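Structure file query04.csv (CSV, C-alpha atoms and all ligand atoms) is printed below.
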chain,number,residue,atom,x,y,z
N,205,MET,CA,0.0,0.0,0.0
N,206,LEU,CA,2.9,2.3,0.8
N,207,GLN,CA,4.1,2.1,-2.8
N,208,LYS,CA,0.6,2.7,-4.1
N,209,SER,CA,0.1,5.8,-2.0
N,210,THR,CA,3.5,7.1,-3.0
N,211,ASP,CA,3.0,6.4,-6.7
N,212,TYR,CA,-0.4,8.2,-6.7
N,213,ILE,CA,0.9,11.4,-5.2
N,214,LEU,CA,4.0,11.5,-7.3
N,215,SER,CA,1.9,10.9,-10.4
N,216,LYS,CA,-0.1,14.0,-9.5
N,217,ILE,CA,2.8,16.4,-8.6
N,218,GLY,CA,5.5,15.1,-10.9
N,219,GLU,CA,8.5,16.2,-8.8
N,220,VAL,CA,9.9,15.5,-5.3
N,221,PRO,CA,9.2,18.3,-2.8
N,222,ASP,CA,12.0,19.9,-0.8
N,223,VAL,CA,10.1,19.8,2.4
N,224,VAL,CA,6.7,18.7,3.9
N,225,ILE,CA,4.8,21.0,6.3
N,226,VAL,CA,2.1,19.5,8.4
N,227,LEU,CA,-0.4,22.2,9.4
N,228,GLY,CA,-1.9,22.3,12.9
N,229,SER,CA,-5.4,23.4,14.0
N,230,GLY,CA,-6.2,26.9,12.8
N,231,LEU,CA,-2.9,27.2,10.8
N,232,SER,CA,-4.2,26.2,7.4
N,233,LYS,CA,-4.0,29.7,5.9
N,234,LEU,CA,-0.5,28.9,4.7
N,235,VAL,CA,-2.2,27.0,1.9
N,236,ASP,CA,-3.3,30.3,0.3
N,237,GLU,CA,0.4,31.4,0.0
N,238,VAL,CA,1.4,28.5,-2.2
N,239,GLU,CA,2.0,29.4,-5.8
N,240,LYS,CA,0.7,27.1,-8.5
N,241,GLY,CA,-0.9,25.0,-5.8
N,242,ARG,CA,-2.2,21.6,-6.8
N,243,ARG,CA,-4.6,20.0,-4.4
N,244,ILE,CA,-4.9,16.3,-3.7
N,245,PRO,CA,-7.8,15.3,-1.4
N,246,TYR,CA,-6.9,12.4,1.0
N,247,SER,CA,-10.0,10.6,-0.2
N,248,LYS,CA,-8.3,10.1,-3.6
N,249,ILE,CA,-5.1,8.8,-2.2
N,250,PRO,CA,-5.0,4.9,-2.0
N,251,GLY,CA,-4.3,3.9,1.7
N,252,PHE,CA,-4.8,7.4,3.2
N,253,LEU,CA,-7.3,7.9,6.1
N,254,SER,CA,-9.7,10.7,6.3
N,255,SER,CA,-9.4,13.5,8.9
N,256,THR,CA,-12.3,14.1,11.2
N,257,ALA,CA,-10.9,16.8,13.4
N,258,PRO,CA,-12.3,20.4,13.3
N,259,GLY,CA,-10.0,22.9,11.5
N,260,HIS,CA,-8.4,20.0,9.5
N,261,ALA,CA,-9.3,20.0,5.8
N,262,GLY,CA,-8.0,16.7,4.6
N,263,GLU,CA,-5.9,17.5,1.5
N,264,LEU,CA,-2.3,17.7,0.4
N,265,ILE,CA,-1.3,20.9,-1.5
N,266,PHE,CA,1.8,21.0,-3.6
N,267,GLY,CA,3.4,24.1,-5.1
N,268,ARG,CA,6.0,26.8,-4.5
N,269,LEU,CA,6.6,28.7,-1.3
N,270,SER,CA,9.6,31.1,-1.1
N,271,GLY,CA,10.7,29.6,-4.4
N,272,LYS,CA,11.0,26.1,-2.8
N,273,LYS,CA,8.9,23.0,-3.7
N,274,VAL,CA,6.7,22.4,-0.7
N,275,LEU,CA,4.0,19.8,0.1
N,276,LEU,CA,1.5,20.9,2.7
N,277,MET,CA,-0.5,18.5,4.7
N,278,SER,CA,-3.7,20.3,5.6
N,279,GLY,CA,-5.5,18.1,8.1
N,280,ARG,CA,-3.7,15.6,10.2
N,281,PHE,CA,-4.7,12.4,12.0
N,282,HIS,CA,-4.9,12.1,15.8
N,283,THR,CA,-5.1,9.1,18.1
N,284,TYR,CA,-8.0,10.8,19.9
N,285,GLU,CA,-10.0,10.3,16.7
N,286,GLY,CA,-9.6,6.5,17.3
N,287,TYR,CA,-6.8,5.9,14.9
N,288,PRO,CA,-3.9,3.6,15.9
N,289,ALA,CA,-0.7,5.5,16.4
N,290,ALA,CA,0.9,3.7,13.4
N,291,ASP,CA,-1.9,5.0,11.1
N,292,VAL,CA,-1.3,8.5,12.4
N,293,GLY,CA,2.3,8.2,11.3
N,294,TYR,CA,1.5,6.5,7.9
N,295,PRO,CA,1.6,9.7,5.8
N,296,ILE,CA,5.1,10.4,7.1
N,297,ARG,CA,6.2,7.0,5.7
N,298,VAL,CA,4.7,7.9,2.3
N,299,PHE,CA,6.5,11.3,2.3
N,300,LYS,CA,9.8,9.5,3.0
N,301,LYS,CA,9.2,7.0,0.3
N,302,MET,CA,8.5,9.9,-2.1
N,303,GLY,CA,12.1,11.0,-1.4
N,304,ILE,CA,11.4,13.8,1.0
N,305,ASN,CA,13.8,14.0,3.9
N,306,ARG,CA,12.7,17.2,5.7
N,307,LEU,CA,9.6,17.6,7.8
N,308,ILE,CA,8.1,20.6,9.6
N,309,LEU,CA,5.4,19.7,12.1
N,310,THR,CA,3.2,22.5,13.4
N,311,ASN,CA,0.5,22.4,16.0
N,312,ALA,CA,-1.8,24.3,18.3
N,313,ALA,CA,-0.7,24.0,21.9
N,314,GLY,CA,-1.6,25.1,25.4
N,315,GLY,CA,1.1,27.1,27.2
N,316,ILE,CA,2.4,25.6,30.4
N,317,ARG,CA,5.4,27.9,30.9
N,318,THR,CA,3.8,30.9,32.6
N,319,SER,CA,5.8,33.4,30.6
N,320,PHE,CA,4.2,32.2,27.4
N,321,LYS,CA,1.1,34.0,26.1
N,322,ALA,CA,-1.5,33.1,23.4
N,323,GLY,CA,-0.2,33.9,20.0
N,324,ASP,CA,3.5,32.9,20.8
N,325,LEU,CA,5.3,30.7,18.3
N,326,VAL,CA,7.8,28.3,19.9
N,327,PHE,CA,10.2,25.8,18.4
N,328,ILE,CA,9.8,22.3,19.9
N,329,SER,CA,13.2,21.4,21.2
N,330,ASP,CA,12.1,18.0,22.7
N,331,VAL,CA,9.0,15.9,23.3
N,332,ILE,CA,7.5,13.9,26.2
N,333,ASN,CA,5.3,11.1,25.0
N,334,PHE,CA,2.5,11.1,27.5
N,335,SER,CA,0.1,9.5,25.0
N,336,PHE,CA,1.3,6.0,26.0
N,337,ARG,CA,1.0,5.0,22.4
N,338,ASN,CA,3.9,4.2,20.1
N,339,PRO,CA,3.5,4.0,16.3
N,340,LEU,CA,6.4,1.4,16.2
N,341,ARG,CA,4.7,-1.1,18.4
N,342,GLY,CA,4.4,-4.5,16.7
N,343,PRO,CA,6.7,-6.2,14.2
N,344,ASN,CA,9.5,-4.0,12.9
N,345,ASP,CA,10.2,-3.6,9.2
N,346,GLU,CA,14.0,-3.4,9.1
N,347,SER,CA,13.9,-1.8,5.7
N,348,GLN,CA,12.2,1.2,7.2
N,349,GLY,CA,14.4,1.6,10.3
N,350,PRO,CA,15.8,0.0,13.4
N,351,ARG,CA,13.8,-1.8,16.1
N,352,PHE,CA,15.0,0.6,18.8
N,353,PRO,CA,15.5,4.0,17.2
N,354,ASP,CA,17.6,6.6,19.1
N,355,MET,CA,15.5,9.6,20.0
N,356,SER,CA,18.2,12.0,21.3
N,357,ASN,CA,18.0,14.4,18.4
N,358,SER,CA,14.5,13.6,17.2
N,359,LEU,CA,14.0,17.4,16.7
N,360,SER,CA,17.0,18.7,14.8
N,361,LYS,CA,19.0,21.1,17.0
N,362,VAL,CA,21.0,22.3,14.0
N,363,TRP,CA,17.9,23.1,12.0
N,364,ILE,CA,16.4,25.2,14.9
N,365,ARG,CA,19.7,27.0,15.3
N,366,ASN,CA,19.9,27.9,11.6
N,367,ALA,CA,16.2,28.8,11.4
N,368,ASN,CA,16.5,31.1,14.5
N,369,ARG,CA,19.6,32.8,13.0
N,370,ALA,CA,17.4,33.7,9.9
N,371,ILE,CA,14.4,34.7,12.1
N,372,GLU,CA,16.5,36.9,14.3
N,373,GLU,CA,18.1,38.6,11.3
N,374,LYS,CA,14.7,39.3,9.7
N,375,PHE,CA,12.5,40.0,12.8
N,376,GLY,CA,15.0,41.1,15.3
N,377,LYS,CA,14.3,38.3,17.8
N,378,PRO,CA,14.6,34.5,17.7
N,379,LEU,CA,11.7,32.2,18.7
N,380,GLU,CA,11.7,30.6,22.1
N,381,THR,CA,12.3,26.9,22.4
N,382,GLY,CA,10.4,24.5,24.7
N,383,THR,CA,9.5,20.9,25.5
N,384,TYR,CA,6.2,19.7,24.1
N,385,ILE,CA,4.2,17.1,26.0
N,386,SER,CA,1.8,15.0,23.9
N,387,VAL,CA,-1.3,13.7,25.5
N,388,LEU,CA,-4.0,11.5,24.1
N,389,GLY,CA,-7.0,13.8,24.7
N,390,PRO,CA,-9.7,14.6,23.6
N,391,SER,CA,-10.6,16.1,27.0
N,392,TYR,CA,-8.4,19.0,27.9
N,393,GLU,CA,-6.2,18.6,31.0
N,394,THR,CA,-7.2,19.3,34.6
N,395,PRO,CA,-5.3,22.0,36.5
N,396,ALA,CA,-3.7,19.3,38.6
N,397,GLU,CA,-2.3,17.5,35.5
N,398,ILE,CA,-0.9,20.8,34.2
N,399,ARG,CA,0.9,21.4,37.6
N,400,MET,CA,2.4,17.9,37.3
N,401,PHE,CA,3.4,18.4,33.7
N,402,ARG,CA,5.2,21.7,34.6
N,403,LYS,CA,7.1,19.8,37.3
N,404,ILE,CA,8.3,17.1,34.9
N,405,GLY,CA,9.6,19.7,32.5
N,406,ALA,CA,6.9,20.4,29.9
N,407,ASP,CA,6.5,23.9,28.5
N,408,MET,CA,3.6,23.4,26.1
N,409,ILE,CA,1.0,20.7,25.6
N,410,GLY,CA,-1.1,19.2,22.8
N,411,MET,CA,-2.8,16.1,21.3
N,412,SER,CA,-0.7,15.6,18.2
N,413,THR,CA,2.8,15.5,16.8
N,414,ILE,CA,4.5,12.8,18.9
N,415,HIS,CA,3.6,9.9,16.6
N,416,GLU,CA,4.8,11.8,13.5
N,417,VAL,CA,8.0,12.6,15.3
N,418,ILE,CA,8.7,9.0,16.2
N,419,VAL,CA,7.9,7.7,12.7
N,420,ALA,CA,10.1,10.4,11.1
N,421,ASN,CA,12.9,9.5,13.5
N,422,HIS,CA,12.5,5.8,12.6
N,423,LEU,CA,13.0,6.9,9.0
N,424,LYS,CA,16.0,9.1,9.8
N,425,MET,CA,14.2,12.3,8.5
N,426,GLU,CA,15.2,15.7,9.7
N,427,VAL,CA,12.3,17.1,11.8
N,428,MET,CA,11.4,20.6,13.0
N,429,GLY,CA,8.4,21.3,15.2
N,430,ILE,CA,6.6,24.7,15.8
N,431,SER,CA,3.9,25.1,18.4
N,432,CYS,CA,1.5,28.0,18.2
N,433,ILE,CA,0.4,28.8,21.8
N,434,THR,CA,-3.4,29.2,21.3
N,435,ASN,CA,-4.3,29.3,25.0
N,436,MET,CA,-2.8,29.0,28.4
N,437,ALA,CA,-3.1,25.5,29.8
N,438,ALA,CA,-5.8,24.6,32.3
N,439,GLY,CA,-5.8,26.3,35.6
N,440,ILE,CA,-3.3,29.1,34.7
N,441,LEU,CA,-5.9,31.7,33.8
N,442,ASN,CA,-9.3,31.9,35.4
N,443,GLN,CA,-11.2,30.8,32.4
N,444,PRO,CA,-12.4,27.5,30.8
N,445,LEU,CA,-10.6,26.1,27.6
N,446,SER,CA,-12.5,25.8,24.4
N,447,GLU,CA,-11.9,24.6,20.9
N,448,LYS,CA,-13.2,27.9,19.6
N,449,GLU,CA,-10.5,29.8,21.5
N,450,VAL,CA,-7.9,27.4,20.0
N,451,LEU,CA,-9.0,27.8,16.4
N,452,GLU,CA,-9.4,31.6,16.7
N,453,ALA,CA,-6.0,32.1,18.3
N,454,GLY,CA,-4.5,30.0,15.4
N,455,ARG,CA,-6.2,32.3,12.9
N,456,LYS,CA,-5.1,35.4,14.6
N,457,VAL,CA,-1.5,34.4,14.5
N,458,SER,CA,-1.7,33.3,10.9
N,459,LYS,CA,0.1,36.3,9.4
N,460,ARG,CA,3.1,36.0,11.7
N,461,PHE,CA,3.1,32.2,11.4
N,462,ILE,CA,3.1,32.5,7.6
N,463,SER,CA,6.0,35.0,7.5
N,464,ILE,CA,8.0,32.8,10.0
N,465,VAL,CA,7.5,29.6,8.0
N,466,LYS,CA,8.3,31.4,4.7
N,467,THR,CA,11.6,32.6,6.2
N,468,ILE,CA,12.4,29.1,7.5
N,469,VAL,CA,11.7,27.6,4.0
N,470,ASP,CA,13.5,30.4,2.2
N,471,LYS,CA,16.7,30.2,4.4
N,472,THR,CA,17.0,26.7,5.6
N,473,CYS,CA,15.2,24.3,3.1
B,1,LIG,N1,-4.2,21.1,25.8
B,1,LIG,C1,-4.1,20.1,24.9
B,1,LIG,N2,-4.1,20.4,23.6
B,1,LIG,C2,-4.2,21.6,23.2
B,1,LIG,C3,-4.3,22.7,24.1
B,1,LIG,C4,-4.3,22.5,25.5
B,1,LIG,O1,-4.4,23.4,26.3
B,1,LIG,N3,-4.4,23.8,23.3
B,1,LIG,C5,-4.3,23.4,22.0
B,1,LIG,N4,-4.2,22.1,21.9
Target format structure tokens, applied to this file:
Amino acid sequence: MLQKSTDYILSKIGEVPDVVIVLGSGLSKLVDEVEKGRRIPYSKIPGFLSSTAPGHAGELIFGRLSGKKVLLMSGRFHTYEGYPAADVGYPIRVFKKMGINRLILTNAAGGIRTSFKAGDLVFISDVINFSFRNPLRGPNDESQGPRFPDMSNSLSKVWIRNANRAIEEKFGKPLETGTYISVLGPSYETPAEIRMFRKIGADMIGMSTIHEVIVANHLKMEVMGISCITNMAAGILNQPLSEKEVLEAGRKVSKRFISIVKTIVDKTC
């Protein structure tokens, strides 16, 4: 099936993209920036799942961004939708098989570090897998990667450094970096859980990303992660969390998100 999915996408786009960008909740406006964009609905791709999450369209878009060949994944899969972690990571295997080696994962996240505020963009320097699911569980295909992959540089430190150099040059200030903790969801956390997560070293929290990071690492791809802080995590501010707030905050930060991503693609891809 992997070969079939790969062949189908390549037959539609005709060239190998320089980079794949997975778009998080509310961050899909980047799609409008792609020149000569060609859209491929997931429903047409053999072996692809369909996305049920709000704010996730369910299509690949191929075209030019900052002059580079980019493939955008608009609509990702989450374990809270009921998908096994291996299925959530399946598109990443397809991208690698297409010949793509660089992956940018974006997400909406709750801020745990109290100095963060809604609208901040943060590079993910490391991840804590609190979803208790692993996409590599089960028999290992050695042609894909090792049984026990090393995870000590699963998010490329060099790539963050190079990107932050370009961002500082252009905008006067680099992005903060932080540790992202992945939970299963779909309920938001309790204030007590957030206090615990802060103690164990998490700076931001979300319900995605980790399974894609693990699969990409298995495949030895270079990975970058960017969290958009859409809300402060539970119990920090005196207000309830809502999906509406998350999607709105994502939309509000769209312009800045787009210029940051364009700079990263321009200078480091
Ligand atoms: N918790 C979990 N996932 C999220 C949050 C949050 O506060 N905000 C956006 N995604």
Using only C-alpha atoms and all ligand atoms, I'd like a table of the residues in chain N that come within 9 Å of ligand LIG 1 (chain B); for each, show the closest atom pair and its distance in Å rounded to one decimal, ordered by chain and ascending number, as CSV.
residue,atom,partner,partner_atom,distance
N:Ser229,CA,B:LIG1,C5,8.1
N:Asn311,CA,B:LIG1,N4,7.5
N:Ala312,CA,B:LIG1,C5,4.6
N:Ala313,CA,B:LIG1,C5,3.7
N:Gly314,CA,B:LIG1,O1,3.4
N:Gly315,CA,B:LIG1,O1,6.7
N:Ile316,CA,B:LIG1,O1,8.2
N:Ile385,CA,B:LIG1,C1,8.9
N:Ser386,CA,B:LIG1,C1,7.9
N:Val387,CA,B:LIG1,C1,7.0
N:Leu388,CA,B:LIG1,C1,8.6
N:Gly389,CA,B:LIG1,C1,6.9
N:Pro390,CA,B:LIG1,C1,8.0
N:Ser391,CA,B:LIG1,C1,7.9
N:Tyr392,CA,B:LIG1,N1,5.1
N:Glu393,CA,B:LIG1,N1,6.1
N:Met408,CA,B:LIG1,C4,8.0
N:Ile409,CA,B:LIG1,C1,5.2
N:Gly410,CA,B:LIG1,N2,3.3
N:Met411,CA,B:LIG1,N2,5.0
N:Ser412,CA,B:LIG1,N2,8.0
N:Cys432,CA,B:LIG1,C5,8.3
N:Ile433,CA,B:LIG1,N3,7.1
N:Thr434,CA,B:LIG1,N3,5.8
N:Asn435,CA,B:LIG1,N3,5.8
N:Met436,CA,B:LIG1,O1,6.2
N:Ala437,CA,B:LIG1,O1,4.3
N:Ala438,CA,B:LIG1,O1,6.3
N:Leu445,CA,B:LIG1,O1,6.9
N:Ser446,CA,B:LIG1,N3,8.4
N:Glu447,CA,B:LIG1,C5,7.8
N:Glu449,CA,B:LIG1,N3,8.7
N:Val450,CA,B:LIG1,C5,5.7
N:Leu451,CA,B:LIG1,C5,8.5
One-decimal distance in Å that lies between CA of Ile296 in chain N and CA of Glu416 in chain N: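 Value for the CA of Glu416 in chain N-CA of Ile296 in chain N distance: 6.6 Å.
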Using all atoms listed in the file, which residues sit within 9 Å of Ile304 in chain N once same-chain residues fewer than 3 positions away are excluded, as a list in words? Val220, Pro221, Asp222, Val223, Val224, Phe299, Lys300, Lys301, Leu307 and Met425 of chain N
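Among the candidates N:Gly241, N:Pro378, N:Gly228, N:Gly405, the one nearest to Gly267 in chain N when counting all atoms listed in the file is N:Gly241.
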Using only C-alpha atoms, which of the listed residues (N:Thr310, N:Ser209, N:Ser360, N:Thr318) sits closest to Leu441 in chain N?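 Going through N:Thr310, N:Ser209, N:Ser360, N:Thr318 one by one, the smallest distance to Leu441 in chain N is for N:Thr318.
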What is the distance, in Å and to one decimal place, between CA of Ser319 in chain N and CA of Thr472 in chain N?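 Here the two named atoms are 28.2 Å from each other.
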Fewer than 6 positions away in the same chain doesn't count, so skip those; otherwise give me all residues within 8 Å of Ala289 in chain N, counting only C-alpha atoms, as number ranges by chain. N: 282-283, 337-339, 415
